[in-house]
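What's in work_3.cif: mmCIF, C-alpha atoms
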```cif
data_work
#
loop_
_atom_site.label_atom_id
_atom_site.label_comp_id
_atom_site.auth_asym_id
_atom_site.auth_seq_id
_atom_site.Cartn_x
_atom_site.Cartn_y
_atom_site.Cartn_z
CA MET E 1 0.00 0.00 0.00
CA THR E 2 2.71 2.46 1.02
CA LEU E 3 4.94 1.60 -1.93
CA VAL E 4 2.22 2.38 -4.39
CA PHE E 5 1.66 5.73 -2.77
CA ILE E 6 5.33 6.72 -3.09
CA SER E 7 5.64 5.82 -6.77
CA CYS E 8 2.54 7.80 -7.69
CA SER E 9 3.86 10.95 -5.97
CA ARG E 10 7.22 10.65 -7.66
CA ALA E 11 5.58 10.59 -11.03
CA GLN E 12 3.69 13.78 -10.21
CA ASN E 13 6.33 15.82 -8.29
CA PRO E 14 9.88 14.63 -8.94
CA GLY E 15 11.41 15.54 -5.57
CA THR E 16 10.49 19.26 -5.57
CA GLY E 17 7.72 21.49 -4.22
CA GLU E 18 5.56 21.32 -1.13
CA GLY E 19 4.14 17.91 -1.92
CA ALA E 20 7.61 16.37 -1.61
CA ASP E 21 8.12 18.02 1.80
CA GLU E 22 4.89 16.68 3.14
CA LEU E 23 5.70 13.28 1.78
CA LEU E 24 9.10 13.35 3.41
CA GLU E 25 7.63 14.40 6.75
CA GLU E 26 5.14 11.60 6.62
CA LEU E 27 7.80 9.05 5.74
CA LEU E 28 10.08 10.26 8.54
CA GLN E 29 7.33 10.09 11.09
CA LYS E 30 6.33 6.62 10.00
CA HIS E 31 9.74 5.00 9.50
CA GLY E 32 12.43 7.34 10.73
CA GLU E 33 14.40 6.88 13.91
CA VAL E 34 16.51 9.47 15.74
CA VAL E 35 20.22 8.65 15.42
CA TYR E 36 21.76 11.89 16.74
CA SER E 37 20.23 14.81 18.58
CA SER E 38 22.24 17.97 19.19
CA GLY E 39 20.33 18.91 22.37
CA GLY E 40 20.86 15.51 23.98
CA GLY E 41 24.46 15.39 22.71
CA GLY E 42 25.25 18.80 24.24
CA SER E 43 24.13 17.81 27.71
CA ALA E 44 25.99 14.51 27.47
CA ALA E 45 29.19 16.37 26.54
CA LEU E 46 28.79 18.74 29.48
CA ALA E 47 28.19 15.83 31.83
CA SER E 48 31.33 14.05 30.64
CA GLU E 49 33.31 17.26 31.03
CA ALA E 50 32.07 17.60 34.60
CA ASP E 51 33.10 13.99 35.21
CA GLU E 52 36.59 14.68 33.90
CA ASP E 53 36.83 17.76 36.09
CA ALA E 54 35.79 15.70 39.09
CA GLU E 55 38.44 13.09 38.31
CA CYS E 56 41.14 15.76 37.94
CA LEU E 57 39.99 17.36 41.19
CA SER E 58 40.22 14.04 43.01
CA LEU E 59 43.70 13.47 41.55
CA ALA E 60 44.77 16.95 42.68
CA VAL E 61 43.40 16.47 46.20
CA SER E 62 44.99 13.04 46.60
CA LEU E 63 48.37 14.37 45.40
CA ALA E 64 48.09 17.23 47.88
CA LYS E 65 47.28 14.73 50.63
CA VAL E 66 50.36 12.66 49.74
CA ALA E 67 52.47 15.81 49.89
CA SER E 68 51.19 16.71 53.34
CA GLU E 69 52.02 13.20 54.55
CA VAL E 70 55.65 13.82 53.54
CA LYS E 71 55.52 17.10 55.50
CA ALA E 72 55.57 19.53 52.60
CA ALA E 73 54.70 23.05 53.63
CA ASP E 74 52.15 25.56 52.37
CA ILE E 75 50.28 23.36 49.90
CA ARG E 76 47.98 25.28 47.60
CA VAL E 77 45.68 23.80 44.96
CA LEU E 78 44.53 26.33 42.35
CA PHE E 79 41.81 25.88 39.72
CA VAL E 80 43.40 27.46 36.66
CA LYS E 81 41.19 26.11 33.86
CA PRO E 82 39.66 29.54 33.05
CA ILE E 83 43.11 31.16 32.98
CA VAL E 84 45.34 28.61 31.30
CA TYR E 85 44.47 26.44 28.33
CA TRP E 86 46.98 23.66 28.87
CA THR E 87 45.97 22.41 32.29
CA GLU E 88 43.19 22.52 34.88
CA PHE E 89 44.79 22.40 38.33
CA PHE E 90 48.04 23.67 39.81
CA ILE E 91 49.48 22.29 43.01
CA ILE E 92 52.17 24.53 44.54
CA LEU E 93 54.12 23.31 47.54
CA THR E 94 57.37 23.95 49.39
CA ALA E 95 59.91 21.28 50.28
CA PHE E 96 63.06 21.79 52.31
CA SER E 97 65.67 19.43 50.92
CA ASN E 98 66.47 17.47 47.77
CA ALA E 99 65.69 14.21 49.55
CA GLN E 100 62.24 15.49 50.49
CA ILE E 101 61.61 16.64 46.90
CA GLU E 102 62.62 13.19 45.68
CA ALA E 103 60.30 11.52 48.19
CA ILE E 104 57.35 13.75 47.28
CA SER E 105 57.78 13.27 43.54
CA SER E 106 58.17 9.50 43.78
CA LYS E 107 55.07 9.16 45.96
CA MET E 108 53.08 11.39 43.62
CA ARG E 109 54.15 9.37 40.61
CA ASP E 110 53.11 6.16 42.41
CA ILE E 111 49.67 7.54 43.28
CA GLY E 112 49.20 8.81 39.74
CA GLU E 113 50.09 5.47 38.21
CA GLN E 114 48.30 3.15 40.59
CA GLN E 115 45.06 4.97 41.35
CA PHE E 116 44.52 7.17 38.31
CA SER E 117 46.68 5.40 35.67
CA ARG E 118 48.42 8.62 34.64
CA VAL E 119 52.13 8.82 33.97
CA ALA E 120 53.82 12.06 34.95
CA SER E 121 56.27 13.84 32.69
CA GLY E 122 58.59 16.47 34.04
CA ASP E 123 61.73 16.60 36.15
CA THR E 124 63.29 13.30 37.11
CA LYS E 125 66.05 14.84 39.24
CA PRO E 126 65.21 17.15 42.14
CA ASN E 127 65.77 20.83 41.42
CA SER E 128 65.08 24.09 43.18
CA TRP E 129 61.94 24.30 41.03
CA THR E 130 60.79 20.73 40.33
CA LEU E 131 57.88 20.12 38.00
CA LEU E 132 55.55 17.14 37.65
CA ASP E 133 53.07 17.20 34.76
CA PHE E 134 50.08 14.86 34.97
CA GLY E 135 48.38 16.47 31.99
CA ASP E 136 45.43 18.10 33.70
CA VAL E 137 47.26 18.61 36.98
CA VAL E 138 50.66 20.31 37.21
CA VAL E 139 52.70 20.13 40.42
CA HIS E 140 55.31 22.77 41.30
CA ILE E 141 57.72 21.85 44.11
CA PHE E 142 59.85 24.76 45.29
CA LEU E 143 62.63 25.28 47.79
CA PRO E 144 61.70 28.18 50.13
CA PRO E 145 63.79 30.94 48.49
CA GLN E 146 62.58 29.96 45.01
CA ARG E 147 58.97 29.99 46.13
CA GLU E 148 59.31 33.62 47.09
CA PHE E 149 61.36 34.51 44.03
CA TYR E 150 58.95 33.11 41.43
CA ASN E 151 55.78 33.99 43.37
CA LEU E 152 53.34 31.97 41.29
CA GLU E 153 50.45 32.73 43.65
CA GLU E 154 50.62 36.38 42.62
CA PHE E 155 50.85 35.58 38.93
CA TYR E 156 47.85 33.28 39.14
CA GLY E 157 46.01 35.39 41.69
CA ASN E 158 42.80 35.16 39.67
CA ALA E 159 42.61 31.41 40.09
CA THR E 160 40.11 30.06 42.61
CA PRO E 161 41.87 28.20 45.44
CA ILE E 162 40.57 24.75 46.29
CA GLU E 163 40.04 24.00 49.95
CA LEU E 164 41.88 20.93 51.16
CA PRO E 165 40.15 18.56 53.57
CA PHE E 166 43.19 18.31 55.82
CA GLU E 167 45.44 20.69 57.69
CA THR E 168 48.49 22.03 55.92
CA GLN E 169 51.58 23.27 57.66
CA LEU E 170 52.32 26.90 57.01
CA GLN E 171 55.81 28.26 57.37
CA MET O 1 67.33 27.23 13.05
CA ILE O 2 69.45 29.12 15.53
CA GLN O 3 73.21 28.95 15.02
CA PRO O 4 76.20 30.88 16.38
CA GLN O 5 76.01 34.61 15.56
CA THR O 6 72.19 34.53 15.59
CA LEU O 7 70.59 37.43 17.45
CA LEU O 8 67.63 36.53 19.63
CA ASN O 9 65.16 38.50 21.69
CA VAL O 10 64.80 37.73 25.37
CA ALA O 11 61.33 36.59 26.35
CA ASP O 12 61.48 37.11 30.10
CA ASN O 13 62.00 39.84 32.67
CA SER O 14 65.57 38.90 33.60
CA GLY O 15 66.94 42.26 32.42
CA ALA O 16 68.59 41.31 29.13
CA ARG O 17 67.06 42.43 25.84
CA LYS O 18 69.15 40.86 23.07
CA LEU O 19 71.30 37.74 22.96
CA MET O 20 73.74 36.44 20.41
CA CYS O 21 74.08 32.68 20.21
CA ILE O 22 77.64 31.40 20.46
CA ARG O 23 77.12 27.64 20.82
CA VAL O 24 74.40 25.02 20.57
CA ILE O 25 74.37 22.62 23.53
CA GLY O 26 73.59 18.94 23.28
CA GLY O 27 73.17 16.65 20.30
CA ALA O 28 76.61 14.98 20.40
CA GLY O 29 78.47 18.26 20.14
CA ASN O 30 78.16 18.72 16.38
CA GLN O 31 74.55 19.89 16.16
CA ARG O 32 74.54 22.77 13.71
CA TYR O 33 71.15 24.36 14.34
CA ALA O 34 69.12 24.77 17.50
CA ARG O 35 65.33 24.46 17.53
CA ILE O 36 62.60 25.27 20.03
CA GLY O 37 63.44 23.59 23.33
CA ASP O 38 67.21 23.39 22.74
CA VAL O 39 69.65 25.04 25.11
CA ILE O 40 72.21 27.47 23.69
CA VAL O 41 75.13 29.40 25.14
CA ALA O 42 74.71 33.09 24.39
CA VAL O 43 76.26 36.45 25.16
CA ILE O 44 74.12 39.39 26.21
CA LYS O 45 74.32 42.13 23.60
CA ASP O 46 71.82 44.55 25.11
CA ALA O 47 70.47 44.82 28.63
CA LEU O 48 68.30 47.07 30.75
CA PRO O 49 70.21 49.26 33.21
CA GLN O 50 70.49 48.43 36.91
CA MET O 51 69.57 44.76 36.57
CA PRO O 52 71.48 41.69 37.74
CA LEU O 53 72.34 40.70 34.15
CA GLN O 54 74.62 43.02 32.19
CA ARG O 55 75.95 43.41 28.69
CA SER O 56 78.65 40.94 27.49
CA GLU O 57 77.82 38.30 30.11
CA VAL O 58 77.88 34.72 28.87
CA ILE O 59 74.75 32.82 29.88
CA ARG O 60 72.68 29.82 28.87
CA ALA O 61 69.23 30.15 27.34
CA VAL O 62 66.46 27.89 26.09
CA ILE O 63 64.84 28.74 22.76
CA VAL O 64 61.11 29.44 22.89
CA ARG O 65 60.27 30.98 19.51
CA THR O 66 61.82 30.59 16.08
CA CYS O 67 61.07 32.09 12.69
CA LYS O 68 61.71 28.68 11.16
CA GLU O 69 58.53 26.64 11.39
CA PHE O 70 58.22 23.92 14.01
CA LYS O 71 56.43 20.74 12.95
CA CYS O 72 54.45 18.87 15.60
CA GLU O 73 53.83 15.13 15.43
CA ASP O 74 50.13 15.63 14.78
CA GLY O 75 50.78 17.69 11.67
CA ILE O 76 50.40 21.17 13.15
CA ILE O 77 53.05 23.64 11.97
CA ILE O 78 53.88 26.64 14.14
CA ARG O 79 55.93 29.61 12.94
CA TYR O 80 56.61 32.76 14.96
CA ASP O 81 57.66 36.21 13.80
CA ASP O 82 60.87 36.39 15.80
CA ASN O 83 63.57 34.29 17.45
CA ALA O 84 63.40 34.40 21.24
CA ALA O 85 64.91 32.64 24.22
CA VAL O 86 64.49 32.51 27.98
CA ILE O 87 67.63 32.81 30.12
CA ILE O 88 68.24 29.86 32.44
CA ASP O 89 70.92 28.85 34.91
CA GLN O 90 73.11 25.73 34.88
CA LYS O 91 70.36 23.62 36.43
CA GLY O 92 67.68 24.74 34.02
CA ASN O 93 65.74 27.13 36.25
CA PRO O 94 64.76 30.44 34.65
CA LYS O 95 66.56 33.56 35.84
CA GLY O 96 63.55 35.79 35.31
CA THR O 97 60.19 35.44 37.01
CA ARG O 98 57.78 36.07 34.13
CA VAL O 99 57.87 34.81 30.56
CA PHE O 100 56.34 36.86 27.75
#
```
Do you think you could lay out the structure here as structure tokens?
Amino acid sequence: MTLVFISCSRAQNPGTGEGADELLEELLQKHGEVVYSSGGGGSAALASEADEDAECLSLAVSLAKVASEVKAADIRVLFVKPIVYWTEFFIILTAFSNAQIEAISSKMRDIGEQQFSRVASGDTKPNSWTLLDFGDVVVHIFLPPQREFYNLEEFYGNATPIELPFETQLQ
Amino acid sequence: MIQPQTLLNVADNSGARKLMCIRVIGGAGNQRYARIGDVIVAVIKDALPQMPLQRSEVIRAVIVRTCKEFKCEDGIIIRYDDNAAVIIDQKGNPKGTRVF
């Protein structure tokens, strides 16, 4: 029945005019199925982005917790996604000796690999400004004079600080 | 493609303005040209007054911008309008506090 109807219309209006539109609408309503919807796709993308942010936040907080266990001082976690395009979170902390820097970076790398399956790139040897790059989270480990000299908190003063659920030592 | 005698701008607030490359570091010692990310030895040709770095000091720098295009692995090609470097110390830490 339906096939006959289609062939008759094609003979009359070969794919143009209002009759074709109506025909198409009718066919879509009868037999079409929705494969992609931009409205539904948009909300799904936002939800996945929020999930990724939550995962990065949990990585940042767990790295900060590891640092406080090794007695790093003045740990700050900054949300820099609106300021910087290449990362989402900064962790800035002060260590007091090369051995402590080494301990902090090795523990952070272990946590990143085991719990979040992320490998860190960055400095392998301790330095007065040691960097660990987990992609969405960047860790800066300073010695006390370098922390004052480079003063990253002032440069990224617009970033919202993240409150840490544990006490940090301030020096 | 930075080689000895190349003049570079300084992209930080360390006090120097212009550098001249005198040696490319790394790459088995016979690397002819330096690219973005390579360390060079340079001499300061122009500096701001009353700053810790002065003219005709020999320092190390890392190249951050080149006029020769830089090809990324994913096919993106980046080319800047000038050659620029950031002054670093022996350990690799920058001497200035802000990079432009």
List as a short mmCIF file (atom, residue, chain, number, x, y, z; two decimals) with C-alpha atoms, in the coordinates of the input the protein and nucleic acid residues near stretch 35-51 of chain O, meaning an atom at most 8 Å away when all atoms listed in the file are counted, but skip any in the same chain fewer than 2 places from it.
```cif
data_model
loop_
_atom_site.label_atom_id
_atom_site.label_comp_id
_atom_site.auth_asym_id
_atom_site.auth_seq_id
_atom_site.Cartn_x
_atom_site.Cartn_y
_atom_site.Cartn_z
CA MET O 1 67.33 27.23 13.05
CA ILE O 2 69.45 29.12 15.53
CA SER O 14 65.57 38.90 33.60
CA GLY O 15 66.94 42.26 32.42
CA ALA O 16 68.59 41.31 29.13
CA ARG O 17 67.06 42.43 25.84
CA LYS O 18 69.15 40.86 23.07
CA LEU O 19 71.30 37.74 22.96
CA MET O 20 73.74 36.44 20.41
CA CYS O 21 74.08 32.68 20.21
CA ILE O 22 77.64 31.40 20.46
CA ARG O 23 77.12 27.64 20.82
CA VAL O 24 74.40 25.02 20.57
CA ILE O 25 74.37 22.62 23.53
CA GLY O 26 73.59 18.94 23.28
CA TYR O 33 71.15 24.36 14.34
CA LEU O 53 72.34 40.70 34.15
CA GLN O 54 74.62 43.02 32.19
CA ARG O 55 75.95 43.41 28.69
CA SER O 56 78.65 40.94 27.49
CA GLU O 57 77.82 38.30 30.11
CA VAL O 58 77.88 34.72 28.87
CA ILE O 59 74.75 32.82 29.88
CA ARG O 60 72.68 29.82 28.87
CA ALA O 61 69.23 30.15 27.34
CA VAL O 62 66.46 27.89 26.09
CA ILE O 63 64.84 28.74 22.76
CA VAL O 64 61.11 29.44 22.89
CA ARG O 65 60.27 30.98 19.51
CA THR O 66 61.82 30.59 16.08
CA PHE O 70 58.22 23.92 14.01
#
```
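Selecting chain O residues within 10 Å of chain E and counting all atoms listed in the file yields Lys91, Gly92, Asn93, Pro94, Lys95, Gly96, Thr97 and Arg98 of chain O.
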Item to complete: Anything within 12 Å of (39.4, 22.9, 54.1): list those residues as an MDAnalysis selection string, counting only C-alpha atoms and sticking to the file's coordinates.
Response: chainID E and resid 61 65 75:77 161:168
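The interatomic distance for the pair atom CA of E:Thr94 and atom CA of E:Val139 works out to 10.8 Å.
What separates atom CA of E:Glu55 from atom CA of E:Ile92 is a distance of 18.9 Å.
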Discussion item. Tell me which residues come within 6 Å of (56.3, 36.9, 26.6), as a PyMOL selection string, counting only C-alpha atoms in the file's coordinates.
Written reply: chain O and resi 11+99-100
